[in-house]
>>> print(open('start.cif').read())   # mmCIF, C-alpha atoms
data_target
loop_
_atom_site.label_atom_id
_atom_site.label_comp_id
_atom_site.auth_asym_id
_atom_site.auth_seq_id
_atom_site.Cartn_x
_atom_site.Cartn_y
_atom_site.Cartn_z
CA MET A 291 56.25 -35.24 -20.91
CA SER A 292 58.68 -34.42 -18.11
CA ILE A 293 58.17 -37.82 -16.51
CA LEU A 294 58.71 -39.55 -19.85
CA GLY A 295 61.82 -37.47 -20.35
CA ARG A 296 63.20 -38.54 -17.02
CA ARG A 297 62.47 -42.18 -17.75
CA LEU A 298 64.20 -42.03 -21.13
CA ASP A 299 67.26 -40.02 -20.16
CA TRP A 300 70.72 -41.41 -20.91
CA THR A 301 71.16 -42.94 -17.44
CA THR A 302 68.11 -45.11 -18.11
CA ILE A 303 69.06 -46.03 -21.67
CA ALA A 304 72.76 -46.74 -21.09
CA PRO A 305 72.55 -49.97 -18.99
CA PRO A 306 70.16 -51.93 -21.29
CA SER A 307 72.03 -50.65 -24.34
CA ALA A 308 75.32 -51.89 -22.88
CA ILE A 309 73.71 -55.26 -22.10
CA LEU A 310 72.47 -55.49 -25.70
CA VAL A 311 75.98 -54.80 -26.97
CA LEU A 312 77.33 -57.40 -24.53
CA VAL A 313 74.95 -60.03 -25.94
CA PHE A 314 76.25 -59.43 -29.47
CA VAL A 315 79.97 -59.30 -28.64
CA TRP A 316 80.18 -61.92 -25.87
CA GLY A 317 82.81 -64.54 -26.63
CA SER A 318 84.26 -62.54 -29.52
CA HIS A 319 87.77 -61.18 -29.98
CA PRO A 320 87.10 -57.62 -31.19
CA GLY A 321 89.53 -55.66 -33.29
CA THR A 322 90.74 -52.13 -32.61
CA VAL A 323 87.75 -50.27 -34.07
CA ALA A 324 85.22 -52.57 -32.41
CA ALA A 325 87.08 -52.31 -29.11
CA VAL A 326 86.80 -48.51 -29.21
CA GLY A 327 83.05 -48.75 -29.84
CA ILE A 328 82.64 -51.24 -27.00
CA GLY A 329 84.63 -48.91 -24.78
CA ILE A 330 82.11 -46.12 -25.38
CA PHE A 331 79.26 -48.32 -24.15
CA LEU A 332 81.44 -49.44 -21.24
CA ILE A 333 82.00 -45.83 -20.13
CA GLY A 334 78.27 -45.12 -20.47
CA ALA A 335 77.47 -48.12 -18.27
CA VAL A 336 79.99 -46.96 -15.67
CA LEU A 337 78.62 -43.42 -15.48
CA SER A 338 75.00 -44.58 -15.33
CA ALA A 339 75.88 -47.11 -12.59
CA VAL A 340 77.33 -44.29 -10.50
CA HIS A 341 74.15 -42.24 -10.95
CA HIS A 342 71.83 -45.07 -9.94
CA ALA A 343 74.07 -46.02 -7.01
CA GLU A 344 73.71 -42.48 -5.68
CA VAL A 345 69.91 -42.62 -6.10
CA VAL A 346 69.74 -45.87 -4.12
CA ALA A 347 72.17 -44.54 -1.51
CA HIS A 348 70.01 -41.44 -1.06
CA ARG A 349 67.00 -43.65 -0.41
CA VAL A 350 68.54 -46.20 1.98
CA GLY A 351 70.96 -43.76 3.63
CA GLU A 352 74.52 -44.24 4.75
CA PRO A 353 76.40 -46.47 5.27
CA PHE A 354 74.02 -48.86 3.48
CA GLY A 355 74.44 -47.06 0.15
CA SER A 356 78.23 -47.38 0.14
CA LEU A 357 77.98 -51.00 1.29
CA LEU A 358 75.53 -51.84 -1.49
CA LEU A 359 77.75 -50.46 -4.24
CA ALA A 360 80.89 -52.11 -2.83
CA VAL A 361 79.26 -55.53 -2.51
CA ALA A 362 77.52 -55.35 -5.89
CA VAL A 363 80.74 -54.49 -7.71
CA THR A 364 82.73 -57.13 -5.84
CA VAL A 365 80.23 -59.95 -6.41
CA ILE A 366 80.32 -59.32 -10.16
CA GLU A 367 84.11 -58.92 -10.00
CA VAL A 368 84.33 -62.40 -8.48
CA ALA A 369 82.27 -63.77 -11.36
CA LEU A 370 84.67 -62.09 -13.80
CA ILE A 371 87.73 -63.58 -12.09
CA VAL A 372 86.26 -67.09 -12.10
CA THR A 373 85.21 -66.73 -15.76
CA LEU A 374 88.70 -65.60 -16.78
CA MET A 375 90.29 -68.42 -14.78
CA LEU A 376 88.09 -70.95 -16.54
CA SER A 377 88.84 -69.58 -20.00
CA GLY A 378 92.48 -68.53 -19.62
CA SER A 379 95.63 -70.56 -20.18
CA ASP A 380 97.99 -69.30 -17.48
CA THR A 381 95.73 -68.04 -14.69
CA SER A 382 97.34 -69.48 -11.56
CA ALA A 383 98.09 -66.00 -10.18
CA LEU A 384 95.12 -64.17 -11.71
CA ALA A 385 93.06 -64.10 -8.49
CA ARG A 386 96.04 -62.81 -6.48
CA ASP A 387 96.97 -60.15 -9.02
CA THR A 388 93.38 -58.94 -9.40
CA VAL A 389 92.64 -58.85 -5.67
CA PHE A 390 95.93 -57.11 -4.90
CA ALA A 391 95.29 -54.60 -7.69
CA ALA A 392 91.82 -53.92 -6.26
CA VAL A 393 93.28 -53.39 -2.79
CA MET A 394 95.96 -50.97 -4.01
CA ILE A 395 93.50 -49.08 -6.21
CA THR A 396 91.04 -48.65 -3.34
CA ILE A 397 93.31 -47.88 -0.37
CA ASN A 398 95.66 -45.65 -2.37
CA GLY A 399 93.93 -44.53 -5.57
CA ILE A 400 90.36 -43.93 -4.38
CA VAL A 401 91.41 -42.78 -0.89
CA GLY A 402 94.13 -40.49 -2.24
CA LEU A 403 91.89 -38.94 -4.88
CA SER A 404 89.07 -38.38 -2.37
CA LEU A 405 91.36 -36.80 0.22
CA VAL A 406 92.96 -34.48 -2.34
CA ILE A 407 89.56 -33.35 -3.68
CA GLY A 408 88.19 -32.80 -0.17
CA ALA A 409 91.28 -30.95 1.04
CA VAL A 410 91.57 -28.74 -2.04
CA LYS A 411 87.91 -27.76 -2.03
CA TYR A 412 87.37 -27.45 1.74
CA ARG A 413 90.96 -26.86 2.95
CA MET A 414 90.84 -30.05 5.05
CA ALA A 415 89.16 -33.43 4.48
CA VAL A 416 87.33 -34.45 7.66
CA PHE A 417 86.13 -37.97 8.52
CA ASN A 418 85.41 -40.22 11.51
CA PRO A 419 88.64 -41.95 12.59
CA GLU A 420 86.77 -44.58 14.63
CA GLY A 421 84.80 -46.02 11.75
CA THR A 422 87.54 -45.51 9.17
CA GLY A 423 90.14 -47.04 11.48
CA ALA A 424 87.94 -50.10 12.05
CA ALA A 425 87.58 -50.56 8.30
CA LEU A 426 91.32 -50.18 7.72
CA MET A 427 92.12 -52.64 10.50
CA THR A 428 89.85 -55.26 8.92
CA VAL A 429 91.39 -54.72 5.48
CA VAL A 430 94.90 -55.19 6.92
CA ALA A 431 93.91 -58.40 8.71
CA LEU A 432 92.26 -59.82 5.58
CA ALA A 433 95.22 -58.95 3.37
CA ALA A 434 97.70 -60.50 5.81
CA LEU A 435 95.71 -63.72 6.21
CA THR A 436 95.04 -64.30 2.52
CA LEU A 437 97.81 -62.59 0.53
CA VAL A 438 100.87 -62.49 2.80
CA LEU A 439 100.74 -65.75 4.78
CA PRO A 440 100.74 -68.05 1.70
CA ARG A 441 104.26 -66.82 0.98
CA PHE A 442 105.49 -68.19 4.34
CA THR A 443 103.49 -71.40 4.89
CA THR A 444 105.34 -74.71 4.45
CA SER A 445 102.58 -77.30 3.92
CA THR A 446 102.83 -76.91 0.15
CA PRO A 447 105.73 -75.71 -2.03
CA GLY A 448 105.54 -72.22 -3.42
CA PRO A 449 103.26 -69.32 -2.45
CA GLU A 450 100.17 -71.53 -2.18
CA PHE A 451 97.82 -72.64 0.58
CA SER A 452 97.11 -76.29 1.22
CA GLY A 453 93.48 -77.37 0.97
CA ALA A 454 92.94 -77.07 4.73
CA GLN A 455 94.69 -73.68 4.87
CA LEU A 456 92.64 -72.33 1.97
CA THR A 457 89.44 -73.51 3.67
CA TYR A 458 90.43 -71.79 6.91
CA ALA A 459 91.37 -68.58 5.08
CA ALA A 460 88.00 -68.58 3.31
CA ILE A 461 86.06 -69.08 6.56
CA ALA A 462 88.12 -66.46 8.40
CA SER A 463 87.61 -63.98 5.56
CA LEU A 464 83.85 -64.43 5.58
CA ALA A 465 83.76 -64.16 9.37
CA LEU A 466 85.75 -60.93 9.44
CA TYR A 467 83.71 -59.41 6.65
CA GLY A 468 80.43 -60.43 8.29
CA ILE A 469 81.48 -59.00 11.67
CA PHE A 470 82.49 -55.73 10.05
CA VAL A 471 79.21 -55.41 8.14
CA PHE A 472 77.30 -55.99 11.39
CA THR A 473 79.39 -53.31 13.09
CA GLN A 474 78.95 -50.88 10.20
CA THR A 475 75.21 -51.27 9.75
CA VAL A 476 73.88 -52.23 13.20
CA LYS A 477 76.20 -51.97 16.19
CA HIS A 478 78.06 -48.72 15.49
CA ARG A 479 76.44 -47.28 12.40
CA ASP A 480 77.12 -43.71 13.59
CA PHE A 481 80.88 -44.28 13.21
CA PHE A 482 80.43 -44.52 9.43
CA LEU A 483 78.16 -41.53 8.84
CA PRO A 484 79.51 -38.35 7.24
CA VAL A 485 81.03 -35.88 9.69
CA GLU A 486 79.01 -32.68 9.69
CA ALA A 487 81.00 -29.46 9.64
CA GLY A 488 79.31 -28.16 12.76
CA ASP A 489 79.97 -31.34 14.72
CA ALA A 490 83.58 -31.43 13.59
CA ALA A 491 84.12 -27.85 14.71
CA GLN A 492 82.65 -28.58 18.13
CA ASP A 493 84.95 -31.57 18.49
CA GLY A 494 87.96 -29.41 17.68
CA GLN A 495 88.68 -31.14 14.38
CA VAL A 496 88.29 -27.98 12.30
CA ASP A 497 88.79 -24.31 12.97
CA TRP A 498 87.81 -22.75 9.66
CA PRO A 499 84.54 -22.14 7.83
CA VAL A 500 83.45 -25.14 5.77
CA ASP A 501 80.95 -25.23 2.94
CA GLU A 502 78.01 -27.19 4.29
CA ASP A 503 75.97 -27.59 1.14
CA GLY A 504 76.70 -31.35 1.11
CA ASP A 505 74.03 -33.31 -0.69
CA GLY A 506 71.52 -30.51 -0.37
CA HIS A 507 68.09 -31.01 1.16
CA ALA A 508 66.29 -32.82 -1.64
CA ASP A 509 63.71 -35.35 -0.56
CA PRO A 510 64.74 -39.02 -0.91
CA PRO A 511 63.43 -40.74 -4.05
CA SER A 512 60.31 -42.87 -3.83
CA ASN A 513 60.49 -46.62 -3.28
CA ARG A 514 59.54 -47.18 -6.90
CA ALA A 515 62.30 -44.88 -8.16
CA ALA A 516 64.83 -46.49 -5.82
CA LEU A 517 63.89 -50.00 -6.97
CA SER A 518 64.16 -48.94 -10.60
CA SER A 519 67.59 -47.46 -9.93
CA LEU A 520 68.63 -50.62 -8.08
CA PHE A 521 67.66 -52.74 -11.09
CA LEU A 522 69.47 -50.41 -13.48
CA LEU A 523 72.50 -50.34 -11.16
CA LEU A 524 72.80 -54.12 -11.20
CA LEU A 525 72.20 -54.15 -14.95
CA GLY A 526 74.91 -51.55 -15.42
CA LEU A 527 77.40 -53.41 -13.24
CA VAL A 528 76.80 -56.65 -15.15
CA ALA A 529 77.42 -54.73 -18.37
CA VAL A 530 80.58 -53.13 -16.95
CA VAL A 531 82.13 -56.44 -15.95
CA GLY A 532 80.94 -58.29 -19.06
CA LEU A 533 82.25 -55.64 -21.43
CA ALA A 534 85.46 -55.44 -19.40
CA LYS A 535 85.93 -59.16 -20.03
CA VAL A 536 85.33 -58.70 -23.76
CA GLU A 537 87.78 -55.79 -23.74
CA SER A 538 90.33 -57.99 -21.96
CA TYR A 539 91.19 -59.63 -25.31
CA PRO A 540 92.28 -56.42 -27.07
CA ILE A 541 93.84 -55.31 -23.77
CA GLU A 542 95.90 -58.53 -23.72
CA ASP A 543 96.94 -57.93 -27.32
CA ALA A 544 97.91 -54.34 -26.52
CA VAL A 545 99.84 -55.39 -23.40
CA ASP A 546 101.74 -58.03 -25.36
CA ALA A 547 102.44 -55.59 -28.20
CA ILE A 548 103.79 -52.96 -25.82
CA GLY A 549 105.86 -55.54 -23.97
CA PHE A 550 104.22 -55.17 -20.53
CA PRO A 551 103.99 -58.22 -18.21
CA HIS A 552 100.87 -60.34 -18.73
CA SER A 553 99.86 -59.71 -15.10
CA PHE A 554 99.24 -56.07 -16.01
CA VAL A 555 96.01 -57.18 -17.70
CA GLY A 556 94.58 -57.81 -14.23
CA VAL A 557 95.48 -54.25 -13.20
CA VAL A 558 93.69 -52.76 -16.21
CA ILE A 559 90.59 -54.88 -15.63
CA ALA A 560 90.56 -53.95 -11.93
CA LEU A 561 90.76 -50.28 -12.89
CA LEU A 562 87.77 -50.69 -15.23
CA VAL A 563 85.69 -52.64 -12.72
CA LEU A 564 86.38 -50.15 -9.90
CA LEU A 565 85.68 -47.11 -12.06
CA PRO A 566 82.07 -46.70 -10.80
CA GLU A 567 83.23 -46.63 -7.18
CA SER A 568 86.09 -44.26 -8.02
CA ILE A 569 83.73 -41.75 -9.62
CA ALA A 570 81.18 -42.10 -6.81
CA ALA A 571 83.89 -41.54 -4.18
CA ALA A 572 85.25 -38.46 -5.98
CA ARG A 573 81.79 -36.95 -6.27
CA ALA A 574 81.10 -37.58 -2.58
CA ALA A 575 84.39 -35.89 -1.64
CA ALA A 576 83.48 -32.91 -3.81
CA ARG A 577 80.29 -32.57 -1.72
CA ASN A 578 82.31 -32.59 1.51
CA ARG A 579 81.28 -36.16 2.31
CA VAL A 580 84.74 -37.70 2.57
CA GLN A 581 83.47 -40.33 5.00
CA ILE A 582 81.31 -41.78 2.23
CA SER A 583 84.36 -41.86 -0.04
CA LEU A 584 86.37 -43.76 2.58
CA ASN A 585 83.45 -46.12 3.22
CA LEU A 586 83.48 -46.94 -0.48
CA ALA A 587 87.25 -47.34 -0.66
CA TYR A 588 87.87 -49.50 2.39
CA GLY A 589 84.57 -51.33 1.95
CA SER A 590 85.54 -52.26 -1.59
CA ALA A 591 89.00 -53.43 -0.51
CA MET A 592 87.42 -55.50 2.24
CA ALA A 593 84.79 -57.01 -0.05
CA SER A 594 87.40 -57.74 -2.73
CA ILE A 595 89.26 -59.96 -0.26
CA GLY A 596 86.47 -61.14 2.02
CA LEU A 597 84.21 -62.30 -0.81
CA THR A 598 86.70 -63.18 -3.54
CA ILE A 599 88.90 -65.58 -1.55
CA PRO A 600 85.96 -67.74 -0.35
CA ALA A 601 84.52 -67.80 -3.87
CA ILE A 602 87.86 -68.78 -5.37
CA ALA A 603 88.29 -71.43 -2.66
CA VAL A 604 85.01 -73.02 -3.73
CA ALA A 605 85.79 -72.62 -7.44
CA SER A 606 89.21 -74.23 -6.96
CA ILE A 607 87.40 -77.55 -6.54
CA TRP A 608 86.69 -77.45 -10.29
CA LEU A 609 89.59 -75.31 -11.47
CA GLU A 610 92.66 -77.10 -12.75
CA GLY A 611 96.21 -76.12 -11.86
CA PRO A 612 97.73 -74.34 -8.87
CA LEU A 613 96.20 -71.35 -7.09
CA VAL A 614 98.92 -68.83 -6.27
CA LEU A 615 97.85 -66.36 -3.55
CA GLY A 616 101.13 -65.30 -1.92
CA LEU A 617 102.37 -61.85 -2.90
CA GLU A 618 105.75 -61.25 -4.47
CA PRO A 619 108.34 -59.39 -2.32
CA THR A 620 107.82 -56.10 -4.18
CA GLN A 621 104.07 -56.36 -3.70
CA MET A 622 104.49 -57.03 0.02
CA VAL A 623 106.68 -53.94 0.41
CA LEU A 624 104.07 -51.81 -1.37
CA LEU A 625 101.33 -53.25 0.84
CA MET A 626 103.33 -52.63 4.02
CA VAL A 627 104.13 -49.02 3.11
CA SER A 628 100.51 -48.43 2.09
CA VAL A 629 99.26 -49.75 5.44
CA ILE A 630 101.67 -47.54 7.42
CA VAL A 631 100.67 -44.45 5.42
CA ALA A 632 96.97 -45.31 5.76
CA VAL A 633 97.25 -45.64 9.55
CA LEU A 634 98.99 -42.25 9.82
CA THR A 635 96.31 -40.75 7.58
CA VAL A 636 93.34 -42.20 9.47
CA VAL A 637 94.37 -41.58 13.10
CA PRO A 638 93.89 -37.77 13.17
CA GLY A 639 90.43 -37.88 11.57
CA ARG A 640 91.34 -35.13 9.12
CA SER A 641 93.66 -34.88 6.18
CA LYS A 642 95.53 -32.23 4.25
CA THR A 643 96.43 -32.40 0.58
CA LEU A 644 99.77 -33.94 1.54
CA GLN A 645 98.29 -37.18 2.84
CA GLY A 646 96.17 -37.66 -0.26
CA SER A 647 99.15 -36.90 -2.49
CA VAL A 648 101.26 -39.54 -0.72
CA HIS A 649 98.54 -42.13 -1.36
CA LEU A 650 98.40 -41.15 -5.03
CA VAL A 651 102.19 -41.47 -5.35
CA LEU A 652 101.94 -44.98 -3.87
CA MET A 653 99.21 -45.75 -6.40
CA ALA A 654 101.42 -44.51 -9.22
CA SER A 655 104.31 -46.59 -7.85
CA PHE A 656 102.11 -49.69 -7.88
CA VAL A 657 101.13 -49.13 -11.51
CA PHE A 658 104.72 -48.39 -12.55
CA LEU A 659 106.08 -51.51 -10.82
CA ALA A 660 103.29 -53.58 -12.35
CA ILE A 661 104.62 -52.43 -15.73
CA LYS A 662 108.32 -52.66 -14.79
CA PRO A 663 108.50 -55.25 -11.98
#
>>> encode(input="start.cif", output="structure tokens")
Amino acid sequence: MSILGRRLDWTTIAPPSAILVLVFVWGSHPGTVAAVGIGIFLIGAVLSAVHHAEVVAHRVGEPFGSLLLAVAVTVIEVALIVTLMLSGSDTSALARDTVFAAVMITINGIVGLSLVIGAVKYRMAVFNPEGTGAALMTVVALAALTLVLPRFTTSTPGPEFSGAQLTYAAIASLALYGIFVFTQTVKHRDFFLPVEAGDAAQDGQVDWPVDEDGDGHADPPSNRAALSSLFLLLLGLVAVVGLAKVESYPIEDAVDAIGFPHSFVGVVIALLVLLPESIAAARAAARNRVQISLNLAYGSAMASIGLTIPAIAVASIWLEGPLVLGLEPTQMVLLMVSVIVAVLTVVPGRSKTLQGSVHLVLMASFVFLAIKP
């Protein structure tokens, strides 16, 4: 009975239920009441995806668990962007707005929330500056190559890449992402593992007692349980992105009714798609595993650029109309300030509540300026 109970708990039922709802509502334009009901299934899919991601991560270990969740979410996010670009009317800047929103949400929202939780609960959030700095460096390079340079190139008018430039940016993005993944999982895997309290104290990074309960000492799940969770994780992520697309119609109506810019729809969708990673990062920080939170944040930002731009480059062969990638001046200023703050946060290898709060203020500034550009 206990085994049956575990198999039929809500985390097992939520993903297929959300997929079933998605099948019935796909391609529809739901009204307010229907949108609320769909939102309930969307939240259930998000929460169950976080649970199954943690099960898989416990089985494969870090940093593979964080990498798996980041890549899975980003691959489906790419499919969502391409689908919206194929079905939308004015989508020339959709890829840029969505990718930039994902970057700002990850490097400011998820990082800031994780640092604040870790610092409040354990007085100081401790992480490995070598691995985190390498991830941040790669994110900055990817953002500059794909989102900043198009604003300054002269081969084509406007903030667009020429065909050759877009091809180069796609290849460079894949190369950088591939090199980082090799570094994270093979060459220097230890740089991306959680910093143990005892090790940090010996290194002089902390000088106070830290709660070391972490993830506890539970045995890893069996291969069968991990594979089941992997299947349910992917099912849940498909449901999250699919339902987010269905919800995009009432979101567009609400944005237009309120008078917000149409580009704000991309911000809302990015927030929905990144909700599983946000919750997973917050829960890791609450267990004094801030390194896992930062792996998720910077890994997601990196995957959002490194996988999305090549996919959009290929899709642009069939997509009609221009592909705007260059950031607006306000967006570039926000990106520059975020990078400077992130560097100052990462270098010491530990963070107080102040650093996390600064990141959250930058996140709030991004959202506000997306509403009132």
>>> resolve_selection(input="start.cif", expression="the PyMOL selection byres ((chain A and resi 628-637) around 8)", output="MDAnalysis selection string")
chainID A and resid 397:398 419 422:423 426 430 624:627 638:641 645 648:649 652
>>> residues_around(input="start.cif", residues="Leu527 of chain A", least_positions_apart="4", cutoff="9 Å", atoms="all atoms listed in the file", output="ChimeraX atom specification")
/A:305,335-336,339,362-363,366,522-523,531-532,563,566
>>> atom_distance(input="start.cif", atom1="atom CA of Leu617 of chain A", atom2="atom CA of Val545 of chain A")
21.6 Å
>>> resolve_selection(input="start.cif", expression="the PyMOL selection byres ((chain A and resi 588-596) around 7)", output="list in words")
Leu357, Ala360, Val361, Thr364, Val389, Ala392, Val393, Thr396, Ile397, Ala425, Leu426, Val429, Leu432, Ser463, Leu464, Tyr467, Leu584, Asn585, Leu586, Ala587, Leu597, Thr598 and Ile599 of chain A
>>> atom_distance(input="start.cif", atom1="atom CA of Val614 of chain A", atom2="atom CA of Val557 of chain A")
16.5 Å
>>> resolve_selection(input="start.cif", expression="the PyMOL selection byres ((chain A and resi 314-325) around 8)", output="list in words")
Leu310, Val311, Leu312, Val313, Val326, Gly327, Ile328, Gly329, Gly532, Leu533, Val536, Glu537, Tyr539 and Pro540 of chain A
>>> atom_distance(input="start.cif", atom1="atom CA of Phe482 of chain A", atom2="atom CA of Gly526 of chain A")
26.4 Å
